[in-house]
Structures are given as structure tokens and as C-alpha cells.
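The file target-v4.txt contains compact mmCIF, C-alpha atoms and all ligand atoms:
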# COMPACT_ATOMS: atom_id res chain seq x y z
CA MET I 8 33.25 -30.85 -0.99
CA GLY I 9 31.42 -27.54 -0.93
CA THR I 10 28.02 -29.17 -1.21
CA ILE I 11 28.69 -31.49 1.72
CA ALA I 12 29.77 -28.60 3.91
CA ASP I 13 26.70 -26.65 2.75
CA SER I 14 24.16 -29.37 3.46
CA SER I 15 25.50 -30.33 6.85
CA LEU I 16 25.47 -26.67 7.84
CA TRP I 17 21.96 -26.36 6.39
CA GLU I 18 20.85 -29.35 8.49
CA ARG I 19 22.36 -27.82 11.60
CA ALA I 20 20.73 -24.50 10.76
CA ARG I 21 17.28 -26.05 10.40
CA ARG I 22 17.64 -27.79 13.74
CA VAL I 23 18.22 -24.56 15.65
CA LEU I 24 16.71 -21.78 13.50
CA PRO I 25 13.08 -21.96 12.25
CA GLY I 26 13.40 -22.70 8.53
CA GLY I 27 17.17 -22.52 8.93
CA VAL I 28 17.17 -18.73 8.71
CA SER I 29 16.96 -15.47 10.61
CA SER I 30 14.52 -13.90 8.09
CA PRO I 31 12.02 -15.92 5.99
CA VAL I 32 12.86 -15.07 2.36
CA ARG I 33 16.48 -16.16 2.85
CA SER I 34 15.28 -19.77 3.03
CA PHE I 35 14.74 -20.08 -0.79
CA ARG I 36 11.48 -21.80 0.18
CA SER I 37 9.48 -20.37 -2.73
CA VAL I 38 12.11 -21.08 -5.39
CA GLY I 39 13.20 -24.51 -4.16
CA GLY I 40 16.70 -25.74 -3.45
CA GLU I 41 18.92 -24.80 -0.55
CA PRO I 42 20.34 -21.37 0.14
CA PHE I 43 24.10 -20.97 0.01
CA PHE I 44 26.02 -19.85 3.08
CA SER I 45 28.03 -16.69 2.51
CA ASP I 46 31.65 -16.51 3.51
CA HIS I 47 32.51 -12.98 2.43
CA GLY I 48 31.57 -10.21 0.06
CA GLU I 49 33.76 -8.01 -2.08
CA GLY I 50 32.46 -5.23 -4.32
CA ALA I 51 29.83 -6.66 -6.68
CA PHE I 52 30.47 -10.25 -5.57
CA LEU I 53 29.32 -12.53 -2.80
CA TYR I 54 31.47 -15.65 -2.10
CA ASP I 55 29.97 -18.76 -0.56
CA ILE I 56 31.74 -21.04 1.92
CA SER I 57 32.92 -23.35 -0.86
CA GLY I 58 34.52 -20.48 -2.75
CA ARG I 59 31.90 -20.04 -5.51
CA ARG I 60 31.24 -16.43 -6.38
CA TYR I 61 28.03 -14.72 -7.42
CA VAL I 62 27.37 -11.33 -9.00
CA ASP I 63 25.11 -10.00 -6.25
CA TYR I 64 21.90 -8.13 -7.07
CA VAL I 65 20.39 -8.72 -3.61
CA LEU I 66 23.05 -6.67 -1.80
CA SER I 67 21.76 -7.69 1.63
CA TRP I 68 18.26 -6.69 0.45
CA GLY I 69 19.20 -3.11 -0.30
CA PRO I 70 21.67 -1.52 2.12
CA LEU I 71 24.87 -2.05 0.14
CA ILE I 72 24.64 0.70 -2.49
CA LEU I 73 28.46 0.87 -2.55
CA GLY I 74 28.80 -2.91 -2.85
CA HIS I 75 30.28 -5.31 -0.29
CA ALA I 76 33.00 -4.22 2.13
CA HIS I 77 33.53 -0.75 0.71
CA PRO I 78 36.92 0.31 2.14
CA GLU I 79 35.74 3.73 3.39
CA VAL I 80 32.77 2.22 5.22
CA VAL I 81 34.82 -0.63 6.70
CA GLU I 82 37.50 1.76 7.86
CA ALA I 83 34.96 4.07 9.52
CA VAL I 84 33.44 1.13 11.42
CA GLU I 85 36.86 -0.16 12.50
CA ARG I 86 37.84 3.27 13.73
CA ALA I 87 34.57 3.67 15.66
CA ALA I 88 34.84 0.17 17.16
CA GLY I 89 38.25 1.00 18.59
CA SER I 90 36.63 3.76 20.65
CA GLY I 91 33.91 1.62 22.19
CA LEU I 92 30.87 -0.21 20.86
CA THR I 93 28.07 1.68 22.56
CA PHE I 94 27.87 4.48 25.11
CA GLY I 95 24.25 5.04 26.09
CA THR I 96 24.85 8.79 26.03
CA PRO I 97 24.69 11.30 23.19
CA ALA I 98 27.72 11.11 20.89
CA PRO I 99 28.87 13.38 18.04
CA ALA I 100 28.26 10.93 15.17
CA GLU I 101 24.47 10.84 15.65
CA VAL I 102 24.32 14.64 15.43
CA GLU I 103 26.43 14.54 12.27
CA LEU I 104 24.31 11.85 10.64
CA ALA I 105 21.06 13.60 11.63
CA GLU I 106 22.37 16.85 10.14
CA LEU I 107 23.28 15.06 6.95
CA LEU I 108 19.79 13.50 6.70
CA VAL I 109 18.19 16.91 7.24
CA GLU I 110 20.40 18.30 4.47
CA LEU I 111 19.73 15.48 2.01
CA VAL I 112 16.07 14.51 2.52
CA PRO I 113 13.83 17.46 1.51
CA SER I 114 10.97 17.14 4.05
CA VAL I 115 13.05 16.09 7.06
CA GLU I 116 13.76 18.70 9.75
CA MET I 117 14.40 16.38 12.72
CA VAL I 118 15.36 12.73 13.06
CA ARG I 119 14.93 9.90 15.59
CA PHE I 120 17.28 6.95 15.09
CA VAL I 121 16.13 3.37 15.60
CA SER I 122 17.64 -0.01 14.73
CA SER I 123 15.39 -1.46 12.00
CA GLY I 124 12.93 -0.38 9.33
CA THR I 125 10.20 -2.17 11.25
CA GLU I 126 10.87 -0.02 14.28
CA ALA I 127 10.89 3.14 12.14
CA THR I 128 7.48 2.52 10.54
CA MET I 129 5.96 1.27 13.80
CA SER I 130 7.14 4.42 15.56
CA ALA I 131 6.03 6.67 12.69
CA VAL I 132 2.49 5.30 12.93
CA ARG I 133 2.42 5.70 16.71
CA LEU I 134 3.63 9.28 16.26
CA ALA I 135 0.98 9.94 13.60
CA ARG I 136 -1.71 8.51 15.87
CA GLY I 137 -0.46 10.54 18.82
CA ALA I 138 -0.16 13.75 16.81
CA THR I 139 -3.61 13.49 15.18
CA GLY I 140 -5.55 11.81 17.98
CA ARG I 141 -6.87 9.32 15.39
CA ASP I 142 -6.53 5.52 15.29
CA ARG I 143 -6.98 4.33 11.71
CA ILE I 144 -4.27 3.95 9.08
CA LEU I 145 -4.43 3.39 5.34
CA LYS I 146 -1.85 1.37 3.42
CA PHE I 147 -1.60 -0.21 -0.03
CA ASP I 148 -1.92 -3.85 -1.08
CA GLY I 149 1.52 -5.44 -1.41
CA CYS I 150 3.39 -2.61 0.29
CA TYR I 151 5.68 -3.94 3.01
CA HIS I 152 6.39 -1.76 6.02
CA GLY I 153 8.18 -4.28 8.23
CA HIS I 154 6.54 -6.83 10.48
CA ALA I 155 4.80 -4.72 13.12
CA ASP I 156 1.20 -5.76 13.87
CA SER I 157 -0.59 -2.93 12.04
CA PHE I 158 1.16 -3.58 8.72
CA LEU I 159 0.58 -7.30 8.24
CA VAL I 160 -2.56 -6.71 6.23
CA LYS I 161 -2.10 -7.57 2.52
CA ALA I 162 1.65 -7.13 2.97
CA GLY I 163 4.46 -7.66 0.46
CA SER I 164 7.97 -9.15 0.76
CA GLY I 165 8.14 -12.53 2.54
CA VAL I 166 4.40 -12.45 3.20
CA ALA I 167 3.77 -12.25 -0.56
CA THR I 168 6.59 -14.66 -1.42
CA LEU I 169 5.30 -17.38 0.88
CA GLY I 170 1.69 -16.70 -0.12
CA LEU I 171 0.69 -16.27 3.53
CA PRO I 172 -2.65 -14.88 4.58
CA ASP I 173 -2.59 -12.03 7.09
CA SER I 174 -0.53 -13.22 10.04
CA PRO I 175 -1.89 -15.12 13.05
CA GLY I 176 -0.79 -13.39 16.23
CA VAL I 177 -2.05 -9.99 15.12
CA PRO I 178 -5.09 -9.08 17.24
CA SER I 179 -8.09 -8.46 14.99
CA ALA I 180 -8.89 -5.36 17.03
CA LEU I 181 -5.65 -3.92 15.68
CA SER I 182 -5.79 -5.14 12.08
CA ALA I 183 -9.35 -3.79 11.88
CA LEU I 184 -7.83 -0.32 12.14
CA THR I 185 -5.75 -0.86 8.99
CA SER I 186 -7.37 -0.37 5.58
CA SER I 187 -5.52 -1.55 2.49
CA VAL I 188 -6.35 -0.50 -1.08
CA PRO I 189 -4.69 -1.02 -4.47
CA PHE I 190 -1.57 1.05 -5.24
CA ASN I 191 -2.04 3.79 -7.84
CA ASP I 192 -5.78 3.97 -7.08
CA LEU I 193 -6.67 7.43 -5.73
CA GLU I 194 -10.40 6.74 -5.97
CA ALA I 195 -10.05 3.81 -3.59
CA VAL I 196 -8.19 6.09 -1.17
CA GLU I 197 -10.95 8.67 -1.40
CA SER I 198 -13.58 6.07 -0.73
CA VAL I 199 -11.82 4.93 2.48
CA PHE I 200 -11.67 8.57 3.61
CA GLY I 201 -15.38 8.77 2.80
CA ARG I 202 -16.12 5.71 4.92
CA PHE I 203 -14.05 6.89 7.93
CA PRO I 204 -14.21 10.69 7.96
CA GLY I 205 -11.91 12.27 10.56
CA GLU I 206 -10.62 8.85 11.70
CA ILE I 207 -7.52 8.24 9.59
CA ALA I 208 -4.27 9.21 11.31
CA ALA I 209 -1.97 8.43 8.41
CA VAL I 210 -1.61 7.15 4.90
CA ILE I 211 1.61 5.15 4.65
CA VAL I 212 3.08 4.24 1.28
CA GLU I 213 6.24 2.96 -0.37
CA PRO I 214 6.51 5.79 -2.91
CA VAL I 215 8.00 3.26 -5.33
CA MET I 216 6.80 -0.25 -4.49
CA GLY I 217 9.75 -2.57 -4.00
CA ASN I 218 8.39 -5.49 -2.02
CA VAL I 219 6.32 -7.26 -4.68
CA GLY I 220 8.90 -6.72 -7.39
CA LEU I 221 9.15 -3.13 -8.60
CA ILE I 222 6.11 -0.95 -9.33
CA GLU I 223 6.31 2.73 -10.19
CA PRO I 224 3.85 5.34 -8.94
CA ALA I 225 1.58 6.55 -11.74
CA GLU I 226 1.85 10.20 -12.73
CA GLY I 227 -0.08 12.23 -10.16
CA PHE I 228 -0.52 9.39 -7.63
CA LEU I 229 1.90 10.68 -4.97
CA SER I 230 0.86 14.32 -5.39
CA GLY I 231 -2.78 13.16 -5.23
CA LEU I 232 -2.06 11.44 -1.90
CA ARG I 233 -0.46 14.65 -0.71
CA GLU I 234 -3.57 16.70 -1.56
CA LEU I 235 -6.03 14.18 -0.14
CA THR I 236 -4.21 13.72 3.18
CA ARG I 237 -3.80 17.47 3.59
CA ALA I 238 -7.50 18.06 2.93
CA GLN I 239 -8.47 15.30 5.39
CA GLY I 240 -6.09 16.30 8.20
CA SER I 241 -4.20 12.99 7.93
CA LEU I 242 -0.44 12.66 7.86
CA LEU I 243 1.31 11.34 4.77
CA VAL I 244 4.11 8.90 5.61
CA PHE I 245 6.60 7.94 2.91
CA ASP I 246 8.23 4.66 3.83
CA GLU I 247 11.57 5.30 2.15
CA VAL I 248 13.36 2.41 3.88
CA MET I 249 14.11 1.01 0.41
CA THR I 250 13.87 4.08 -1.85
CA GLY I 251 15.87 6.41 0.41
CA PHE I 252 19.23 7.45 -1.14
CA ARG I 253 18.52 4.97 -3.96
CA VAL I 254 16.00 6.43 -6.40
CA ALA I 255 17.75 9.79 -5.86
CA LEU I 256 20.18 11.08 -3.24
CA GLY I 257 17.18 12.71 -1.48
CA GLY I 258 14.96 9.67 -2.04
CA ALA I 259 11.59 9.40 -3.79
CA GLN I 260 10.42 12.72 -2.32
CA GLU I 261 13.21 14.46 -4.20
CA ARG I 262 12.68 12.46 -7.38
CA TYR I 263 8.92 13.05 -7.54
CA GLY I 264 8.84 16.46 -5.83
CA VAL I 265 6.29 15.49 -3.17
CA ASP I 266 6.99 16.22 0.51
CA PRO I 267 5.46 13.84 3.06
CA ASP I 268 4.86 14.75 6.72
CA LEU I 269 6.92 11.84 8.00
CA THR I 270 9.62 9.75 6.35
CA THR I 271 11.05 6.41 7.39
CA LEU I 272 14.58 5.46 6.37
CA GLY I 273 16.54 2.23 6.71
CA LYS I 274 18.74 -0.04 4.59
CA VAL I 275 21.17 2.40 2.83
CA VAL I 276 21.12 4.81 5.79
CA GLY I 277 23.05 2.33 7.96
CA GLY I 278 25.75 1.36 5.47
CA GLY I 279 25.11 -2.34 6.22
CA LEU I 280 24.64 -2.06 10.00
CA PRO I 281 21.25 -2.12 11.78
CA VAL I 282 20.30 1.55 11.55
CA ALA I 283 16.99 3.12 10.59
CA ALA I 284 15.32 6.43 11.27
CA LEU I 285 12.12 8.37 11.20
CA GLY I 286 12.11 12.02 10.36
CA GLY I 287 9.80 14.85 9.51
CA ARG I 288 8.62 18.31 10.30
CA ARG I 289 9.78 19.77 13.61
CA ALA I 290 6.28 20.32 15.03
CA ILE I 291 5.41 16.64 14.56
CA MET I 292 8.78 15.22 15.59
CA GLU I 293 8.74 17.21 18.83
CA GLN I 294 5.66 15.22 19.85
CA LEU I 295 8.11 12.39 20.59
CA ALA I 296 9.35 11.89 24.16
CA PRO I 297 11.09 13.62 25.84
CA THR I 298 9.81 16.86 24.22
CA GLY I 299 6.35 15.38 23.69
CA PRO I 300 4.09 12.65 25.05
CA VAL I 301 4.51 9.96 22.35
CA TYR I 302 6.83 7.32 23.80
CA GLN I 303 9.63 5.78 21.77
CA ALA I 304 13.07 4.61 22.93
CA GLY I 305 15.95 2.22 22.19
CA THR I 306 18.97 0.96 24.13
CA LEU I 307 21.17 0.79 21.02
CA SER I 308 19.50 3.59 19.02
CA GLY I 309 22.08 5.91 17.46
CA ASN I 310 24.72 3.24 17.99
CA PRO I 311 28.20 4.65 17.22
CA LEU I 312 29.18 1.84 14.82
CA GLY I 313 25.97 2.20 12.85
CA MET I 314 26.28 5.97 12.77
CA ALA I 315 29.86 5.68 11.52
CA ALA I 316 28.88 3.24 8.75
CA GLY I 317 25.90 5.33 7.66
CA LEU I 318 27.90 8.55 7.65
CA ALA I 319 30.72 6.99 5.65
CA GLN I 320 28.37 5.50 3.05
CA LEU I 321 26.26 8.65 2.64
CA ARG I 322 29.34 10.89 2.41
CA VAL I 323 30.68 8.77 -0.43
CA LEU I 324 27.31 9.11 -2.20
CA GLU I 325 27.28 12.86 -1.60
CA ARG I 326 30.85 13.24 -2.84
CA ASP I 327 30.74 10.92 -5.85
CA ARG I 328 27.12 11.53 -7.02
CA PRO I 329 26.88 8.09 -8.65
CA HIS I 330 23.12 8.08 -9.16
CA GLU I 331 23.06 8.81 -12.89
CA ARG I 332 25.68 6.20 -13.68
CA LEU I 333 23.93 3.68 -11.42
CA GLU I 334 20.58 4.34 -13.05
CA SER I 335 21.91 3.92 -16.58
CA LEU I 336 23.74 0.68 -15.74
CA THR I 337 20.56 -0.61 -14.07
CA GLY I 338 18.69 0.28 -17.25
CA GLU I 339 21.17 -1.73 -19.33
CA LEU I 340 20.60 -4.77 -17.12
CA VAL I 341 16.81 -4.56 -17.23
CA ASP I 342 16.73 -3.85 -20.98
CA GLY I 343 19.00 -6.85 -21.52
CA ILE I 344 16.80 -9.19 -19.47
CA VAL I 345 13.64 -7.94 -21.21
CA ARG I 346 15.28 -8.36 -24.62
CA ALA I 347 16.39 -11.92 -23.78
CA ALA I 348 12.88 -12.84 -22.65
CA THR I 349 11.21 -11.20 -25.66
CA GLU I 350 13.54 -13.03 -28.09
CA ARG I 351 12.38 -16.28 -26.52
CA GLY I 352 8.71 -15.40 -26.73
CA LEU I 353 8.27 -15.01 -22.97
CA PRO I 354 5.78 -12.48 -21.63
CA VAL I 355 7.83 -9.91 -19.74
CA SER I 356 7.68 -6.48 -18.19
CA GLY I 357 10.74 -4.77 -16.68
CA VAL I 358 11.24 -1.45 -14.93
CA HIS I 359 13.94 0.36 -13.03
CA VAL I 360 13.88 3.49 -10.90
CA GLY I 361 17.35 4.63 -9.93
CA SER I 362 19.24 1.50 -8.85
CA MET I 363 16.09 -0.44 -7.92
CA TRP I 364 14.81 -2.75 -10.62
CA GLY I 365 12.34 -5.54 -11.29
CA VAL I 366 11.26 -7.95 -13.99
CA PHE I 367 7.85 -9.64 -14.07
CA PHE I 368 7.23 -12.59 -16.36
CA THR I 369 3.85 -11.31 -17.48
CA GLU I 370 2.64 -8.79 -20.04
CA GLY I 371 3.02 -5.34 -18.49
CA PRO I 372 2.68 -2.71 -17.46
CA VAL I 373 2.24 -3.88 -13.87
CA THR I 374 0.63 -1.12 -11.79
CA ASP I 375 -0.43 -2.89 -8.58
CA TYR I 376 -0.15 -6.05 -6.49
CA ALA I 377 -2.91 -7.86 -8.39
CA GLY I 378 -0.92 -7.29 -11.59
CA ALA I 379 2.32 -8.46 -9.96
CA LYS I 380 0.67 -11.73 -8.95
CA GLN I 381 0.17 -12.55 -12.65
CA THR I 382 3.92 -13.20 -12.96
CA ASP I 383 4.90 -16.76 -13.90
CA THR I 384 6.27 -17.95 -10.54
CA GLU I 385 7.03 -21.47 -11.75
CA PHE I 386 9.18 -20.21 -14.62
CA PHE I 387 10.84 -17.76 -12.23
CA SER I 388 11.87 -20.53 -9.82
CA THR I 389 13.67 -22.55 -12.49
CA TYR I 390 15.19 -19.43 -14.06
CA PHE I 391 16.38 -18.28 -10.62
CA ARG I 392 18.11 -21.60 -9.89
CA GLU I 393 19.72 -21.72 -13.36
CA CYS I 394 21.06 -18.17 -12.87
CA LEU I 395 22.45 -19.12 -9.45
CA LYS I 396 24.26 -22.12 -11.00
CA ARG I 397 25.88 -19.67 -13.42
CA GLY I 398 27.08 -17.33 -10.67
CA VAL I 399 24.29 -14.74 -10.65
CA PHE I 400 22.41 -14.10 -7.42
CA PHE I 401 19.00 -12.54 -7.99
CA ALA I 402 16.52 -12.22 -5.12
CA PRO I 403 15.12 -15.72 -4.42
CA SER I 404 11.54 -14.56 -5.02
CA PRO I 405 9.57 -13.15 -7.95
CA PHE I 406 8.17 -10.59 -5.47
CA GLU I 407 11.30 -8.67 -4.50
CA ALA I 408 13.09 -5.76 -6.15
CA GLY I 409 16.65 -6.15 -7.39
CA PHE I 410 19.42 -3.66 -6.68
CA MET I 411 22.62 -2.38 -8.27
CA SER I 412 25.72 -1.05 -6.51
CA THR I 413 28.47 1.36 -7.50
CA ALA I 414 30.83 -1.65 -7.50
CA HIS I 415 28.95 -3.20 -10.44
CA ARG I 416 30.51 -2.50 -13.82
CA ARG I 417 29.37 -3.05 -17.38
CA GLU I 418 31.48 -6.26 -17.51
CA HIS I 419 29.45 -7.67 -14.58
CA VAL I 420 26.21 -6.80 -16.36
CA GLU I 421 27.47 -8.49 -19.53
CA MET I 422 28.40 -11.64 -17.57
CA THR I 423 24.96 -11.52 -16.02
CA LEU I 424 23.16 -11.18 -19.34
CA ASN I 425 25.05 -14.16 -20.77
CA ALA I 426 23.95 -16.20 -17.76
CA VAL I 427 20.39 -14.89 -18.09
CA GLY I 428 20.10 -16.00 -21.73
CA GLU I 429 21.47 -19.48 -20.98
CA SER I 430 19.27 -19.76 -17.89
CA MET I 431 16.14 -18.86 -19.81
CA ASP I 432 16.99 -21.51 -22.42
CA ALA I 433 17.56 -24.09 -19.69
CA ALA I 434 14.33 -23.14 -17.92
CA LEU I 435 12.37 -23.38 -21.18
CA GLU I 436 13.85 -26.82 -21.95
CA GLY I 437 13.26 -28.08 -18.41
C1 LIG Z 1 12.87 -3.57 4.36
C2 LIG Z 1 11.72 -2.68 4.52
C3 LIG Z 1 11.15 -2.45 5.79
C4 LIG Z 1 11.56 -3.20 7.02
O1 LIG Z 1 12.85 -2.92 7.41
P1 LIG Z 1 13.60 -3.96 8.40
O2 LIG Z 1 14.89 -3.29 8.67
O3 LIG Z 1 13.69 -5.25 7.65
O4 LIG Z 1 12.74 -4.08 9.61
C5 LIG Z 1 10.14 -1.51 5.88
N1 LIG Z 1 9.71 -0.85 4.80
C6 LIG Z 1 10.23 -1.05 3.58
C7 LIG Z 1 9.73 -0.26 2.41
C8 LIG Z 1 11.24 -1.99 3.40
O5 LIG Z 1 11.72 -2.22 2.17
Same coordinates, now as C-alpha cells:
Amino acid sequence: MGTIADSSLWERARRVLPGGVSSPVRSFRSVGGEPFFSDHGEGAFLYDISGRRYVDYVLSWGPLILGHAHPEVVEAVERAAGSGLTFGTPAPAEVELAELLVELVPSVEMVRFVSSGTEATMSAVRLARGATGRDRILKFDGCYHGHADSFLVKAGSGVATLGLPDSPGVPSALSALTSSVPFNDLEAVESVFGRFPGEIAAVIVEPVMGNVGLIEPAEGFLSGLRELTRAQGSLLVFDEVMTGFRVALGGAQERYGVDPDLTTLGKVVGGGLPVAALGGRRAIMEQLAPTGPVYQAGTLSGNPLGMAAGLAQLRVLERDRPHERLESLTGELVDGIVRAATERGLPVSGVHVGSMWGVFFTEGPVTDYAGAKQTDTEFFSTYFRECLKRGVFFAPSPFEAGFMSTAHRREHVEMTLNAVGESMDAALEG
């Protein structure tokens, strides 16, 4: 019964939505099979429209660090909704959330709210260009900074998953201003600075790469970027849309002790609603209109529902300090998957940073995008589908990080590891 409902809905979806989806990786295109349609989520579980449940390690691609439908977040949104959905004037909640971000994220002194991570990084780069009077930017191969024109050069996430070349529709005049070099390679960064002296407005980086699977920064890489950008008069932008509030309460900048000039936040900051932000030092942030000349605006920016959800989620994190427990449970999951693969003679490399995690089916350590691409994508696809059959929802791509929420317990991890072992056996037989 469920399958019939699923496929007719999937047919309807493909008739009216390109690929049947509102965002490419949701289509399961790279792993085969059809995506399930979600009915509701509860804690660590997602339930599809035929009542099957999945232990969820996608968690809406990162935002749900407290799991699905956390009562305090839901209640805050319901309360806010009762008072009106949007005002188009300043409202107290955006001041409160901005103050909380300034308190929690070490380098942030002022904040501008936007509605998606894409908007945050796009605006951060415009601000960096406006503040420095320079046009070029430098990024890293496989880092994903949303889908704005300047970033679709050797990008991660869906671009990597679908094996797409740099996107048509991006004017070459614009992409020519973006240089991309391997992650963890300071010499390559230096050589781009050597080629374009005084021209690079910003270096933008995911301080922990999470959009080609998970890749950690090598010792000294982030501090090296800090020194180089400072010496060259470029701004350092940490895209913490994924790492923010996840790898530590204050994000990667707290964990690694490196302060960027600008920070972009998204995902966790909105508690599951479309909220993102850019923040940084006062002198740079005040270059934004209306105090400065760099234009940026949004009809629904600082939306009261989003502010309420973000505040509620971050206050729970601040009160409960779950990061150590989350990190150790995430470690148990990754260690278990690596052990299961090793016992079966599969090449494997797994890492976790806070509650972000990733497993590559290749001999590690993986330090950059080229290394990530060595993962066995064919094995992954079968393994993914076998896990899904057994009620475990991993990201439907070998090039995405996994997540863990505070609603996940050891019993869920144990269920998952049983399914993982069986799924590996099935994938090896098939
Ligand atoms: C998800 C993500 C984005 C894009 O955010 P959207 O809200 O999907 O536009 C940007 N940067 C990083 C690091 C991300 O993980």
C-alpha cells in the first residue's frame, strides 16, 4: 500500500517539480531508487507516509541538532505564530538572537540576518569586495558555499554528488574571478596570492569540510590562512553554515582558536526554519547599508518565527551543553561503521568532528576533494539502499556529511550498527 502511494506521489512530483524535488540531492539520483516522502519527524526518527520509520542521520541536512520536533522549539514557534507571521519592522527577537550570536561566536560583533546560507555567503563576499575594493575571491575545491554564481567553481554537495561540471548560467566573467585550490594546501593559497597580488578580496573556507563527506583541517591550516590573509590585506571568511554550533557551541572558530573577519551561519541557527546570518567585526559590518554603502536587504529577513526557533534551539544548547556527549556518541557510531567495514576487508576511513561525521570507502586519511573522490561510490549506493531498507537514513550521497542529534541515544546507534553490518554483507553479496 505504502509503495503505491509513494510511487504515484513520486510521479506527480516529477511532473511538476524538476527531478521531483525542491533541492537536487533529495532526489536519490546518485544512489538509485526513489526517495521516500516524509510524513513527520519525532526525536531521532523520521516517519514516511506509509508509516515506516528511519533513524535519521540527515536531520534536514544539518539544522536539527536537537532532533525532530523538539518541544521547546515547537512551542516557541507556535507562540510566535500566534502574534503574527511577519512585521516588516524591527522586533525584539532579532535583537535577542543577534546578542546571543555575539555572545557565542568568538569573532562576531554584529550580525545581519538573511534567509538561507546561500544568501549569507553571497552577501559576505559582496561585503568583502566592498570593504576591500578588490574583486577576486579564493575558495577550496569541494567546499560548498551555496549556489550563488561566484561559488559554483569546483563546488561540493549536490554539484559533487551529481558529478556536474561548473554550472551553465554562471557568466565566465564572474567565475574567472574565483580561484579554487585544494583544501589543506597553504602553498597553493600562497601561489594564488603571488599570481594576483593586491586583488583578492577574501578567502572563503568551510573550516571543516562537510560537503564532500567530512574532511578535517590539518594542524596549522586555518591559522596559516589567518596569517596569509592578514599579511595580504584580504578578509578571511569562515563559512560556518554547517559547523556553527555543531563542532563546538561557538563553532569551528572556537574549536580551533582562529578568528575570521567574517562568519556565515545557517542550518542550526534557525532551529529548522529558513534563517541564516553573516557576522563579523563592527568596522566591516557597518559597511553594510544603511550605515555603509554595500547594499543587502530582505523582505523576510529576521522573520519572527525563524528568530523564535533559532533562539529556542540555541538556548537549549547553551543550557544543556550537550556537545561532549554528542561528540562521544558520534564517535561510537563512526568507530562502529569503520570496524564493520574493516572486519569485512573493505577499505574505509571515518572521521567525526563534534556531531558531524563521515565515512569514505577508501584507504584514508582523506585530506582533500581529490582524496574524497577515491571513495567507492558503487558500493556506497548499494550499502545506502540496504541501510534504508533496514530503517537507517544516511545521506543519499557518498559526498555529504552525516549528523547526530541530542535525541539520538546509544540504543539508536546500536540499532544502526546492526543494520550497517547486515547492509554491508548484503552489498558485498549483491
Ligand atoms: C548548506 C550550506 C550552505 C548553503 O546554505 P543554504 O541554506 O542551503 O543556502 C552554504 N555553506 C555551507 C558550508 C553549507 O553547508
Contacts to ligand LIG 1 (chain Z) at 9 Å cut-off (only C-alpha atoms and all ligand atoms) as a ChimeraX atom specification:
/I:30,68-69,122-128,150-155,164,212-218,245-250,271-274,281-283
Could you pull the residues within 9 Å of Ala209 (chain I), counting only C-alpha atoms, minus those fewer than 6 positions along the same chain, as a PyMOL selection string?
chain I and resi 132+135-136+139+141-146+236+240-244
So what do you get for CA of Ser157 (chain I) versus CA of Met129 (chain I), distance-wise?
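Taking CA of Ser157 (chain I) and CA of Met129 (chain I), their separation equals 8.0 Å.
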Considering all atoms listed in the file, return as a list of chain:residue names whatever protein or nucleic-acid residues lie within 12 Å of Asp383 (chain I), sequence-local ones (same chain, fewer than 6 positions apart) excluded.
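Returned residues: I:Val38, I:Leu353, I:Pro354, I:Val355, I:Ser356, I:Val366, I:Phe367, I:Phe368, I:Thr369, I:Glu370, I:Thr389, I:Tyr390, I:Ser404, I:Pro405, I:Phe406.
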Report the distance between CA of Ser179 (chain I) and CA of Asp148 (chain I) in Å, rounded to one decimal place.
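CA of Ser179 (chain I) sits 17.8 Å away from CA of Asp148 (chain I).
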If I wrap all listed atoms of region 145-159 of chain I in a box with edges along x, y and z and add 8 Å on each side, what are its centre and edge lengths in Å to one decimal, as lines of an AutoDock Vina configuration file?
center_x = 1.9
center_y = -2.0
center_z = 6.2
size_x = 28.6
size_y = 26.7
size_z = 31.3
Which one is closest to Phe410 (chain I): I:Ser187, I:Thr382, I:Ser198, I:Ser67? Count all atoms listed in the file.
I:Ser67
Would you mind telling me which residue in I:Asn310, I:Ser430, I:Gly343, I:Ala83 lies nearest to Val323 (chain I) when using all atoms listed in the file?
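Among the listed residues, I:Ala83 lies closest to Val323 (chain I).
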From I:Gly50, I:Gly74, I:Gly39, I:Gly309, residue lying nearest Leu169 (chain I) [all atoms listed in the file]
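Under the stated criterion, the closest residue is I:Gly39.
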Which residue is closest to Asp63 (chain I)? Choose from I:Gln239, I:Asn425, I:Thr413, I:Ser37 and count all atoms listed in the file.
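Using all atoms listed in the file, Asp63 (chain I) sits closest to I:Thr413.
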I'd like to know which of I:Arg322, I:Met431, I:His330, I:Gly279 is closest to Arg346 (chain I), using only C-alpha atoms.
I:Met431
Could you give me, as a tab-separated table (two decimals) with C-alpha atoms, in the frame of the given file, the residues within 9 Å of Ala255 (chain I), counting only C-alpha atoms and dropping anything in the same chain fewer than 4 positions from it?
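Below is the file that was written, part.tsv:
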chain	number	residue	atom	x	y	z
I	250	THR	CA	13.87	4.08	-1.85
I	251	GLY	CA	15.87	6.41	0.41
I	259	ALA	CA	11.59	9.40	-3.79
I	260	GLN	CA	10.42	12.72	-2.32
I	261	GLU	CA	13.21	14.46	-4.20
I	262	ARG	CA	12.68	12.46	-7.38
I	330	HIS	CA	23.12	8.08	-9.16
I	331	GLU	CA	23.06	8.81	-12.89
I	360	VAL	CA	13.88	3.49	-10.90
I	361	GLY	CA	17.35	4.63	-9.93
I	362	SER	CA	19.24	1.50	-8.85
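CA of Glu101 (chain I) lies 11.9 Å from CA of Leu307 (chain I).
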